[in-house]
file work-v5.cif (mmCIF, C-alpha atoms)
data_start
loop_
_atom_site.label_atom_id
_atom_site.label_comp_id
_atom_site.auth_asym_id
_atom_site.auth_seq_id
_atom_site.Cartn_x
_atom_site.Cartn_y
_atom_site.Cartn_z
CA MET W 1 -30.52 -63.73 38.25
CA LYS W 2 -31.62 -62.82 41.76
CA SER W 3 -31.25 -59.28 43.00
CA SER W 4 -28.67 -60.47 45.54
CA CYS W 5 -26.72 -62.11 42.68
CA SER W 6 -26.64 -58.88 40.65
CA LYS W 7 -25.38 -57.05 43.74
CA ILE W 8 -22.67 -59.64 44.26
CA CYS W 9 -21.64 -59.50 40.58
CA ALA W 10 -21.25 -55.76 40.84
CA LEU W 11 -18.88 -56.27 43.76
CA LEU W 12 -16.73 -58.96 42.12
CA GLU W 13 -14.14 -56.58 40.74
CA SER W 14 -13.64 -54.87 44.08
CA PHE W 15 -13.61 -58.31 45.72
CA LEU W 16 -10.71 -59.33 43.45
CA ASP W 17 -8.94 -56.03 44.13
CA GLY W 18 -9.38 -56.55 47.86
CA ASP W 19 -11.11 -53.19 48.13
CA LEU W 20 -14.21 -54.36 50.05
CA SER W 21 -14.88 -53.88 53.71
CA VAL W 22 -14.52 -56.92 55.95
CA GLU W 23 -18.30 -57.43 56.08
CA GLU W 24 -18.80 -57.08 52.32
CA ASP W 25 -15.85 -59.37 51.65
CA ALA W 26 -17.28 -62.03 53.93
CA SER W 27 -20.74 -61.77 52.39
CA VAL W 28 -19.40 -62.10 48.81
CA ALA W 29 -17.23 -65.07 49.80
CA ALA W 30 -20.21 -66.76 51.47
CA HIS W 31 -22.42 -66.14 48.46
CA LEU W 32 -19.85 -67.56 46.05
CA GLN W 33 -19.77 -70.78 48.04
CA THR W 34 -23.48 -71.31 47.59
CA CYS W 35 -24.27 -69.84 44.14
CA PRO W 36 -22.84 -71.69 41.09
CA GLY W 37 -23.89 -68.91 38.67
CA CYS W 38 -21.98 -66.23 40.57
CA ARG W 39 -19.05 -68.58 41.02
CA ALA W 40 -18.86 -69.07 37.24
CA GLU W 41 -18.99 -65.30 36.78
CA PHE W 42 -16.27 -64.90 39.39
CA GLU W 43 -14.07 -67.49 37.66
CA SER W 44 -14.42 -65.84 34.27
CA GLU W 45 -13.69 -62.43 35.79
CA ARG W 46 -10.59 -63.85 37.45
CA LEU W 47 -9.45 -65.57 34.25
CA LEU W 48 -9.82 -62.38 32.26
CA ARG W 49 -8.02 -60.30 34.83
CA ASN W 50 -5.15 -62.78 35.17
CA SER W 51 -4.77 -63.00 31.42
CA PHE W 52 -4.49 -59.24 31.16
CA THR W 53 -2.28 -58.60 34.15
CA SER W 54 0.12 -61.39 33.25
CA LEU W 55 0.68 -60.06 29.73
CA PRO W 56 4.45 -59.57 29.58
CA GLU W 57 5.87 -56.08 29.37
CA LEU W 58 7.68 -55.97 26.05
CA SER W 59 11.13 -54.54 25.56
CA CYS W 60 11.30 -51.57 23.27
CA PRO W 61 13.73 -52.49 20.46
CA GLU W 62 17.17 -50.93 20.81
CA THR W 63 16.97 -49.45 17.33
CA THR W 64 13.89 -47.48 18.39
CA THR W 65 15.64 -46.21 21.51
CA ARG W 66 18.64 -45.14 19.45
CA LEU W 67 16.42 -43.38 16.92
CA ILE W 68 14.67 -41.50 19.71
CA GLU W 69 18.00 -40.46 21.21
CA LYS W 70 19.25 -39.37 17.80
CA ALA W 71 16.15 -37.27 17.18
CA THR W 72 16.23 -35.65 20.60
CA LEU W 73 19.41 -35.74 22.68
CA SER W 74 21.93 -35.59 19.84
CA ARG W 75 20.23 -32.50 18.44
CA GLN W 76 20.56 -30.75 21.74
CA THR W 77 23.96 -29.24 20.90
CA THR W 78 22.53 -27.31 17.98
CA ARG W 79 19.67 -25.92 20.02
CA VAL W 80 20.14 -22.42 21.40
CA PRO W 81 18.94 -22.25 24.99
CA SER W 82 15.80 -20.20 25.34
CA TYR W 83 17.25 -17.93 28.01
CA LEU W 84 19.92 -16.76 25.59
CA TRP W 85 17.25 -15.82 23.09
CA GLN W 86 15.48 -13.87 25.74
CA ARG W 87 18.63 -11.92 26.60
CA GLY W 88 19.07 -10.68 23.09
CA ILE W 89 21.36 -13.23 21.48
CA ARG W 90 19.60 -12.35 18.25
CA GLN W 91 21.86 -9.33 18.14
CA LEU W 92 24.80 -11.70 17.70
CA GLY W 93 24.61 -11.44 13.95
CA TRP W 94 28.25 -10.50 13.46
CA ARG W 95 29.61 -13.97 12.88
CA PRO W 96 27.44 -14.82 9.87
CA THR W 97 27.78 -11.26 8.57
CA ALA W 98 31.58 -11.32 8.84
CA ALA W 99 31.72 -14.77 7.25
CA GLY W 100 29.51 -13.58 4.39
CA VAL W 101 31.56 -10.44 3.77
CA ALA W 102 34.82 -12.43 3.93
CA ALA W 103 33.43 -14.91 1.40
CA LEU W 104 32.41 -12.07 -0.89
CA ALA W 105 35.84 -10.47 -0.56
CA ALA W 106 37.49 -13.81 -1.41
CA ILE W 107 35.30 -14.18 -4.51
CA PHE W 108 36.02 -10.59 -5.43
CA LEU W 109 39.80 -11.12 -5.14
CA LEU W 110 39.59 -14.32 -7.14
CA LEU W 111 37.75 -12.48 -9.90
CA LEU W 112 40.53 -9.89 -9.99
CA TYR W 113 43.15 -12.38 -11.10
CA PRO W 114 42.00 -14.33 -14.13
CA THR W 115 44.74 -15.46 -16.48
CA SER W 116 43.03 -14.90 -19.80
CA HIS W 117 45.39 -12.33 -21.27
CA ARG W 118 48.62 -10.51 -20.37
CA ASP W 119 49.27 -6.77 -20.68
CA PRO W 120 52.64 -6.00 -22.41
CA GLU W 121 53.19 -2.90 -20.23
CA THR W 122 52.83 -4.55 -16.84
CA ASN W 123 53.68 -8.06 -18.06
CA GLY W 124 50.44 -9.27 -16.34
CA PRO W 125 46.84 -10.07 -17.24
CA TYR W 126 45.55 -6.47 -16.67
CA THR W 127 46.51 -2.88 -17.49
CA ARG W 128 47.94 -0.50 -14.88
CA GLU W 129 44.59 1.36 -14.58
CA GLU W 130 42.66 -1.84 -14.01
CA ILE W 131 45.06 -2.87 -11.28
CA LEU W 132 44.75 0.50 -9.56
CA VAL W 133 40.95 0.35 -9.67
CA ALA W 134 40.99 -3.17 -8.34
CA ARG W 135 43.35 -2.20 -5.50
CA GLN W 136 41.07 0.67 -4.55
CA GLU W 137 38.05 -1.58 -4.62
CA ALA W 138 39.77 -4.29 -2.59
CA LYS W 139 40.87 -1.68 -0.04
CA LEU W 140 37.33 -0.35 0.16
CA GLY W 141 35.98 -3.88 0.57
CA LEU W 142 38.40 -4.62 3.42
CA ILE W 143 37.59 -1.34 5.16
CA LEU W 144 33.90 -2.10 4.96
CA THR W 145 34.53 -5.59 6.31
CA PHE W 146 36.51 -4.33 9.28
CA HIS W 147 33.93 -1.67 9.94
CA LYS W 148 31.16 -4.24 9.89
CA ILE W 149 33.10 -6.59 12.19
CA GLY W 150 33.83 -3.79 14.62
CA LYS W 151 30.20 -2.70 14.68
CA SER W 152 28.91 -6.23 15.14
CA GLU W 153 31.46 -6.85 17.89
CA LYS W 154 30.25 -3.80 19.73
CA GLU W 155 26.63 -4.87 19.36
CA ALA W 156 27.45 -8.41 20.45
CA ILE W 157 29.23 -7.25 23.61
CA GLY W 158 26.34 -4.93 24.42
CA GLY W 159 23.73 -7.61 23.63
CA VAL W 160 25.28 -10.46 25.60
CA LEU W 161 26.94 -8.70 28.50
CA GLY W 162 24.75 -5.61 28.63
CA LYS W 163 25.09 -3.72 31.85
CA ARG W 164 26.43 -6.69 33.76
CA LEU W 165 30.05 -5.57 33.28
CA PRO W 166 31.58 -3.33 35.91
CA GLN W 167 31.85 0.33 34.94
CA ALA W 168 35.67 0.27 34.84
CA ILE W 169 35.84 -2.67 32.43
CA ARG W 170 33.10 -1.19 30.26
CA GLY W 171 35.03 2.08 30.05
CA SER W 172 38.32 0.45 29.04
CA LEU W 173 36.52 -1.78 26.55
CA GLN W 174 34.93 1.29 25.03
CA LYS W 175 38.36 2.92 24.72
CA VAL W 176 39.83 -0.14 22.98
CA LEU W 177 36.93 -0.23 20.55
CA GLU W 178 37.23 3.45 19.81
CA ARG W 179 40.98 3.13 19.26
CA SER W 180 40.48 0.20 16.89
CA GLU W 181 37.85 2.17 14.98
CA GLY W 182 40.22 5.15 14.82
CA GLY W 183 42.97 2.91 13.49
CA GLN W 184 40.78 1.72 10.70
CA GLY W 185 40.07 5.23 9.60
CA MET Y 1 13.78 -30.41 29.32
CA LYS Y 2 17.11 -31.46 30.74
CA SER Y 3 18.76 -34.26 28.82
CA SER Y 4 19.32 -36.24 32.03
CA THR Y 5 15.61 -36.02 32.88
CA PHE Y 6 14.68 -37.09 29.38
CA GLN Y 7 17.09 -40.01 29.46
CA GLU Y 8 15.60 -41.17 32.73
CA LEU Y 9 12.07 -40.82 31.31
CA LEU Y 10 13.07 -42.82 28.26
CA ARG Y 11 14.73 -45.54 30.31
CA ARG Y 12 11.82 -45.83 32.69
CA TYR Y 13 8.82 -45.61 30.38
CA GLN Y 14 9.86 -46.73 26.91
CA ASN Y 15 8.89 -50.37 27.50
CA ARG Y 16 5.59 -49.38 29.03
CA ILE Y 17 4.64 -47.14 26.12
CA TYR Y 18 5.89 -49.64 23.56
CA SER Y 19 3.96 -52.51 25.19
CA TYR Y 20 0.75 -50.50 25.31
CA ALA Y 21 1.11 -49.53 21.64
CA TYR Y 22 1.99 -53.09 20.65
CA TYR Y 23 -0.95 -54.72 22.45
CA PHE Y 24 -3.26 -52.07 21.08
CA LEU Y 25 -2.06 -52.22 17.47
CA ARG Y 26 -0.63 -55.77 17.38
CA ASN Y 27 2.00 -54.59 14.96
CA ARG Y 28 5.64 -54.15 15.81
CA GLU Y 29 6.49 -51.44 13.30
CA ASP Y 30 3.46 -49.32 14.16
CA ALA Y 31 4.22 -49.70 17.87
CA GLU Y 32 7.80 -48.58 17.27
CA ASP Y 33 6.59 -45.54 15.33
CA VAL Y 34 4.14 -44.61 18.07
CA THR Y 35 6.83 -44.96 20.76
CA GLN Y 36 9.22 -42.75 18.81
CA GLU Y 37 6.57 -40.14 18.22
CA VAL Y 38 5.57 -40.06 21.90
CA PHE Y 39 9.11 -39.43 23.11
CA ILE Y 40 9.96 -36.93 20.38
CA ARG Y 41 6.82 -34.96 21.20
CA CYS Y 42 7.72 -35.18 24.86
CA TRP Y 43 11.17 -33.75 24.14
CA GLN Y 44 9.77 -30.97 21.99
CA SER Y 45 6.83 -29.91 24.09
CA CYS Y 46 7.67 -30.59 27.71
CA GLU Y 47 9.73 -27.82 29.20
CA ALA Y 48 8.96 -28.92 32.72
CA THR Y 49 11.49 -31.00 34.58
CA GLU Y 50 8.92 -32.37 36.98
CA TRP Y 51 7.97 -36.00 36.79
CA LYS Y 52 4.46 -35.43 38.04
CA GLY Y 53 1.93 -36.12 35.33
CA MET Y 54 4.56 -37.02 32.74
CA LEU Y 55 3.51 -40.67 32.39
CA ALA Y 56 -0.15 -39.69 32.12
CA TRP Y 57 0.77 -37.17 29.41
CA MET Y 58 2.75 -39.78 27.49
CA ILE Y 59 -0.03 -42.37 27.76
CA ARG Y 60 -2.50 -39.80 26.45
CA VAL Y 61 -0.29 -39.08 23.45
CA ALA Y 62 0.24 -42.81 22.83
CA HIS Y 63 -3.51 -43.45 23.13
CA ASN Y 64 -4.33 -40.73 20.58
CA LEU Y 65 -1.62 -41.87 18.19
CA CYS Y 66 -2.76 -45.50 18.38
CA ILE Y 67 -6.34 -44.50 17.62
CA ASP Y 68 -5.08 -42.44 14.66
CA VAL Y 69 -3.09 -45.39 13.30
CA LYS Y 70 -6.12 -47.67 13.64
CA ARG Y 71 -8.34 -45.16 11.89
CA ARG Y 72 -5.85 -44.84 9.04
CA ARG Y 73 -5.64 -48.62 8.66
CA LYS Y 74 -9.40 -48.95 8.60
CA ARG Y 75 -9.74 -46.18 6.04
CA THR Y 76 -7.22 -47.92 3.80
CA ALA Y 77 -9.12 -51.20 4.15
CA ILE Y 78 -12.41 -49.51 3.27
CA GLN Y 79 -10.78 -47.84 0.28
CA ARG Y 80 -9.90 -51.34 -0.91
CA ASN Y 81 -13.62 -52.20 -0.71
CA ASN Y 82 -13.24 -54.64 2.18
CA THR Y 83 -16.18 -55.19 4.50
CA GLU Y 84 -15.79 -54.92 8.27
CA ALA Y 85 -15.71 -58.73 8.65
CA GLU Y 86 -13.14 -59.10 5.89
CA TYR Y 87 -11.07 -56.37 7.45
CA LEU Y 88 -11.09 -58.15 10.82
CA THR Y 89 -10.13 -61.48 9.24
CA VAL Y 90 -7.27 -59.90 7.31
CA LEU Y 91 -6.17 -58.04 10.43
CA ARG Y 92 -6.16 -61.19 12.56
CA GLU Y 93 -4.19 -63.13 9.97
CA ARG Y 94 -1.69 -60.33 9.63
CA ASN Y 95 -1.35 -59.95 13.39
CA ARG Y 96 -0.62 -63.66 13.75
CA ALA Y 97 2.00 -63.38 11.05
CA THR Y 98 3.66 -60.30 12.54
CA THR Y 99 3.52 -61.34 16.20
CA ASP Y 100 6.96 -61.74 17.62
CA PRO Y 101 7.69 -65.51 17.95
CA GLU Y 102 9.39 -64.89 21.28
CA LEU Y 103 6.26 -63.19 22.54
CA LEU Y 104 4.11 -66.06 21.35
CA LEU Y 105 6.17 -68.41 23.49
CA GLN Y 106 5.55 -66.22 26.51
CA LEU Y 107 1.80 -66.07 26.02
CA ASP Y 108 -0.48 -68.83 27.17
CA GLN Y 109 -3.42 -70.05 25.14
CA THR Y 110 -5.92 -67.83 26.93
CA GLN Y 111 -3.80 -64.74 26.37
CA GLN Y 112 -3.49 -65.49 22.67
CA ILE Y 113 -7.25 -65.88 22.39
CA LEU Y 114 -7.70 -62.73 24.43
CA LEU Y 115 -5.46 -60.63 22.19
CA ASP Y 116 -7.25 -61.90 19.09
CA ALA Y 117 -10.62 -61.23 20.68
CA MET Y 118 -9.57 -57.69 21.55
CA GLU Y 119 -9.43 -56.87 17.85
CA GLU Y 120 -13.19 -57.21 17.67
CA LEU Y 121 -13.80 -54.56 20.30
CA PRO Y 122 -14.16 -50.88 19.46
CA ASP Y 123 -10.85 -49.01 19.65
CA ARG Y 124 -11.74 -46.99 22.71
CA THR Y 125 -13.01 -50.00 24.64
CA ARG Y 126 -9.83 -51.90 23.85
CA SER Y 127 -7.77 -48.95 24.95
CA TYR Y 128 -9.68 -48.60 28.25
CA LEU Y 129 -9.28 -52.31 28.97
CA LEU Y 130 -5.54 -52.15 28.35
CA LEU Y 131 -5.16 -49.02 30.43
CA HIS Y 132 -7.20 -50.48 33.27
CA TYR Y 133 -5.85 -54.01 33.44
CA PHE Y 134 -2.44 -53.84 31.81
CA GLN Y 135 -1.34 -50.36 32.88
CA GLY Y 136 -3.16 -50.62 36.19
CA LEU Y 137 -4.95 -47.28 35.95
CA THR Y 138 -8.20 -46.52 37.76
CA TYR Y 139 -11.36 -45.52 35.87
CA ARG Y 140 -10.87 -41.96 37.07
CA GLU Y 141 -7.29 -41.82 35.81
CA ILE Y 142 -8.36 -43.25 32.44
CA GLY Y 143 -11.10 -40.63 32.26
CA GLN Y 144 -8.57 -37.87 32.93
CA ILE Y 145 -6.10 -39.20 30.39
CA THR Y 146 -8.60 -39.77 27.60
CA LEU Y 147 -10.72 -36.75 28.51
CA THR Y 148 -13.76 -38.96 29.04
CA ASN Y 149 -16.33 -39.13 31.79
CA THR Y 150 -15.41 -41.70 34.46
CA ASN Y 151 -18.81 -43.40 34.19
CA THR Y 152 -18.44 -43.73 30.41
CA VAL Y 153 -15.09 -45.44 30.94
CA LYS Y 154 -16.65 -47.76 33.51
CA VAL Y 155 -19.51 -48.70 31.19
CA GLN Y 156 -17.17 -49.26 28.24
CA VAL Y 157 -14.85 -51.47 30.31
CA HIS Y 158 -17.83 -53.45 31.59
CA ARG Y 159 -19.16 -54.00 28.06
CA GLY Y 160 -15.72 -54.90 26.77
CA LYS Y 161 -15.27 -57.40 29.59
CA GLN Y 162 -18.62 -59.04 28.93
CA ALA Y 163 -17.78 -59.38 25.23
CA LEU Y 164 -14.34 -60.79 25.98
CA LYS Y 165 -15.70 -63.25 28.53
CA GLN Y 166 -18.14 -64.60 25.97
CA ILE Y 167 -15.43 -64.94 23.32
CA LEU Y 168 -13.03 -66.53 25.79
CA ALA Y 169 -15.64 -68.99 27.06
CA GLY Y 170 -16.62 -69.92 23.48
CA SER Y 171 -13.02 -70.41 22.34
CA LEU Y 172 -12.01 -72.38 25.40
CA ASN Y 173 -15.08 -74.66 25.09
CA GLU Y 174 -14.32 -75.19 21.41
CA GLN Y 175 -10.73 -76.10 22.17
CA SER Y 176 -11.65 -78.47 25.01
CA GLN Y 177 -14.12 -80.25 22.71
CA LYS Y 178 -11.40 -80.61 20.06
CA GLY Y 179 -9.01 -81.91 22.69
#

call {"tool": "encode", "arguments": {"input": "work-v5.cif", "output": "structure tokens"}}
result
Amino acid sequence: MKSSCSKICALLESFLDGDLSVEEDASVAAHLQTCPGCRAEFESERLLRNSFTSLPELSCPETTTRLIEKATLSRQTTRVPSYLWQRGIRQLGWRPTAAGVAALAAIFLLLLYPTSHRDPETNGPYTREEILVARQEAKLGLILTFHKIGKSEKEAIGGVLGKRLPQAIRGSLQKVLERSEGGQG
Amino acid sequence: MKSSTFQELLRRYQNRIYSYAYYFLRNREDAEDVTQEVFIRCWQSCEATEWKGMLAWMIRVAHNLCIDVKRRRKRTAIQRNNTEAEYLTVLRERNRATTDPELLLQLDQTQQILLDAMEELPDRTRSYLLLHYFQGLTYREIGQITLTNTNTVKVQVHRGKQALKQILAGSLNEQSQKG
């Protein structure tokens, strides 16, 4: 291969892209007319390029698209936005706590009323003393539950709203909370 | 990332990513897995709502995943005591069997030969060729995406092209003699 041929071959890609200057373009075109070796190289370069560029763009199967959407967009509702985390939403632990305590209280109450035996004095499954103890324990359980809910509520309001509430509303809210706490006692 | 932005990304680029993965791996299921993985990673890791650089990021992830899949396949073949030549033959046969019939109708003879010939190239070279010619990326962009020197990309593409040209010329001559 002549040195001019190697130079021309190096320019073939740019020639096909149309990236050469007018002079270079003309010189490559003129050379290709006269040199069969470079013409063959040019033809094979063009064939390869056309084969690649005309490869069809395939359609992604619908099932794949749906799976992607399911794994991403449909999970969005369960995701807690990051800004809420930053503002202290972690303090919002009252809902699970209250639910847990309520579930425990329900289990506790259920355990209080089995129907295995009946007491002749009270005509029920337990003696008078057992019923009194159970009542006391249930009362204590409920008080603890309300106390926990009230405390969590206070924390939640403080955590989410913080100091963004006007002073007047914060004051009245405080009063309501205090009154409800007093009522429990 | 906003769901509307993600939906738009998915709508706009899913075919592009899927096609790249398919032509690289020549296997529909693997290409589907790669596409899913790319978009799920995009959803999980991209907080930005800007479009700039998103396609390049997705192509990079797809490129790395495709190379991983290929490596895994090769390892499995070697574990089964297949030689490189046997592996390539099995791969070609399997690719022919799994190629979508609709796609086969769309491809001309040269393209079919080309896709088969691509299997014989090293993974990276095949990837660079696809990125350059099929995705229309410049050598510089490919270098940035694959974290490779631009000149290395250029050399690899050149070598890949020379190998493909030889295979194409040989196959086409063979077929014209048969005809």

call {"tool": "interface_residues", "arguments": {"input": "work-v5.cif", "of": "chain Y", "to": "chain W", "cutoff": "6 Å", "atoms": "all atoms listed in the file", "output": "ChimeraX atom specification"}}
result
/Y:15,18-19,36,111,133-134

call {"tool": "residues_around", "arguments": {"input": "work-v5.cif", "residues": "His63 in chain Y", "least_positions_apart": "5", "cutoff": "10 Å", "atoms": "all atoms listed in the file", "output": "PyMOL selection string"}}
result
chain Y and resi 17+20-21+24+34+38+57-58+68+123-124+127-128+131+145-146

call {"tool": "residues_around", "arguments": {"input": "work-v5.cif", "residues": "Asp30 in chain Y", "least_positions_apart": "6", "cutoff": "9 Å", "atoms": "all atoms listed in the file", "output": "PyMOL selection string"}}
result
chain Y and resi 21-22+66+69

call {"tool": "residues_near_point", "arguments": {"input": "work-v5.cif", "point": "(8.9, -38.4, 32.5)", "cutoff": "9 Å", "atoms": "only C-alpha atoms", "output": "list in words"}}
result
Thr5, Phe6, Gln7, Glu8, Leu9, Leu10, Arg12, Tyr13, Cys42, Thr49, Glu50, Trp51, Lys52, Gly53, Met54, Leu55, Trp57 and Met58 of chain Y

call {"tool": "closest_residue", "arguments": {"input": "work-v5.cif", "among": "Y:Cys46, Y:Leu172, Y:Val153, Y:Leu25", "to": "Lys2 in chain Y", "atoms": "only C-alpha atoms"}}
result
Y:Cys46

call {"tool": "closest_residue", "arguments": {"input": "work-v5.cif", "among": "Y:Pro122, Y:Lys154, Y:Thr138, Y:Thr110", "to": "Gly170 in chain Y", "atoms": "all atoms listed in the file"}}
result
Y:Thr110

call {"tool": "axis_aligned_box", "arguments": {"input": "work-v5.cif", "around": "range 95-105 of chain W", "padding_each_side": "3 Å", "output": "lines of an AutoDock Vina configuration file"}}
result
center_x = 31.6
center_y = -12.7
center_z = 6.0
size_x = 14.4
size_y = 10.5
size_z = 19.8
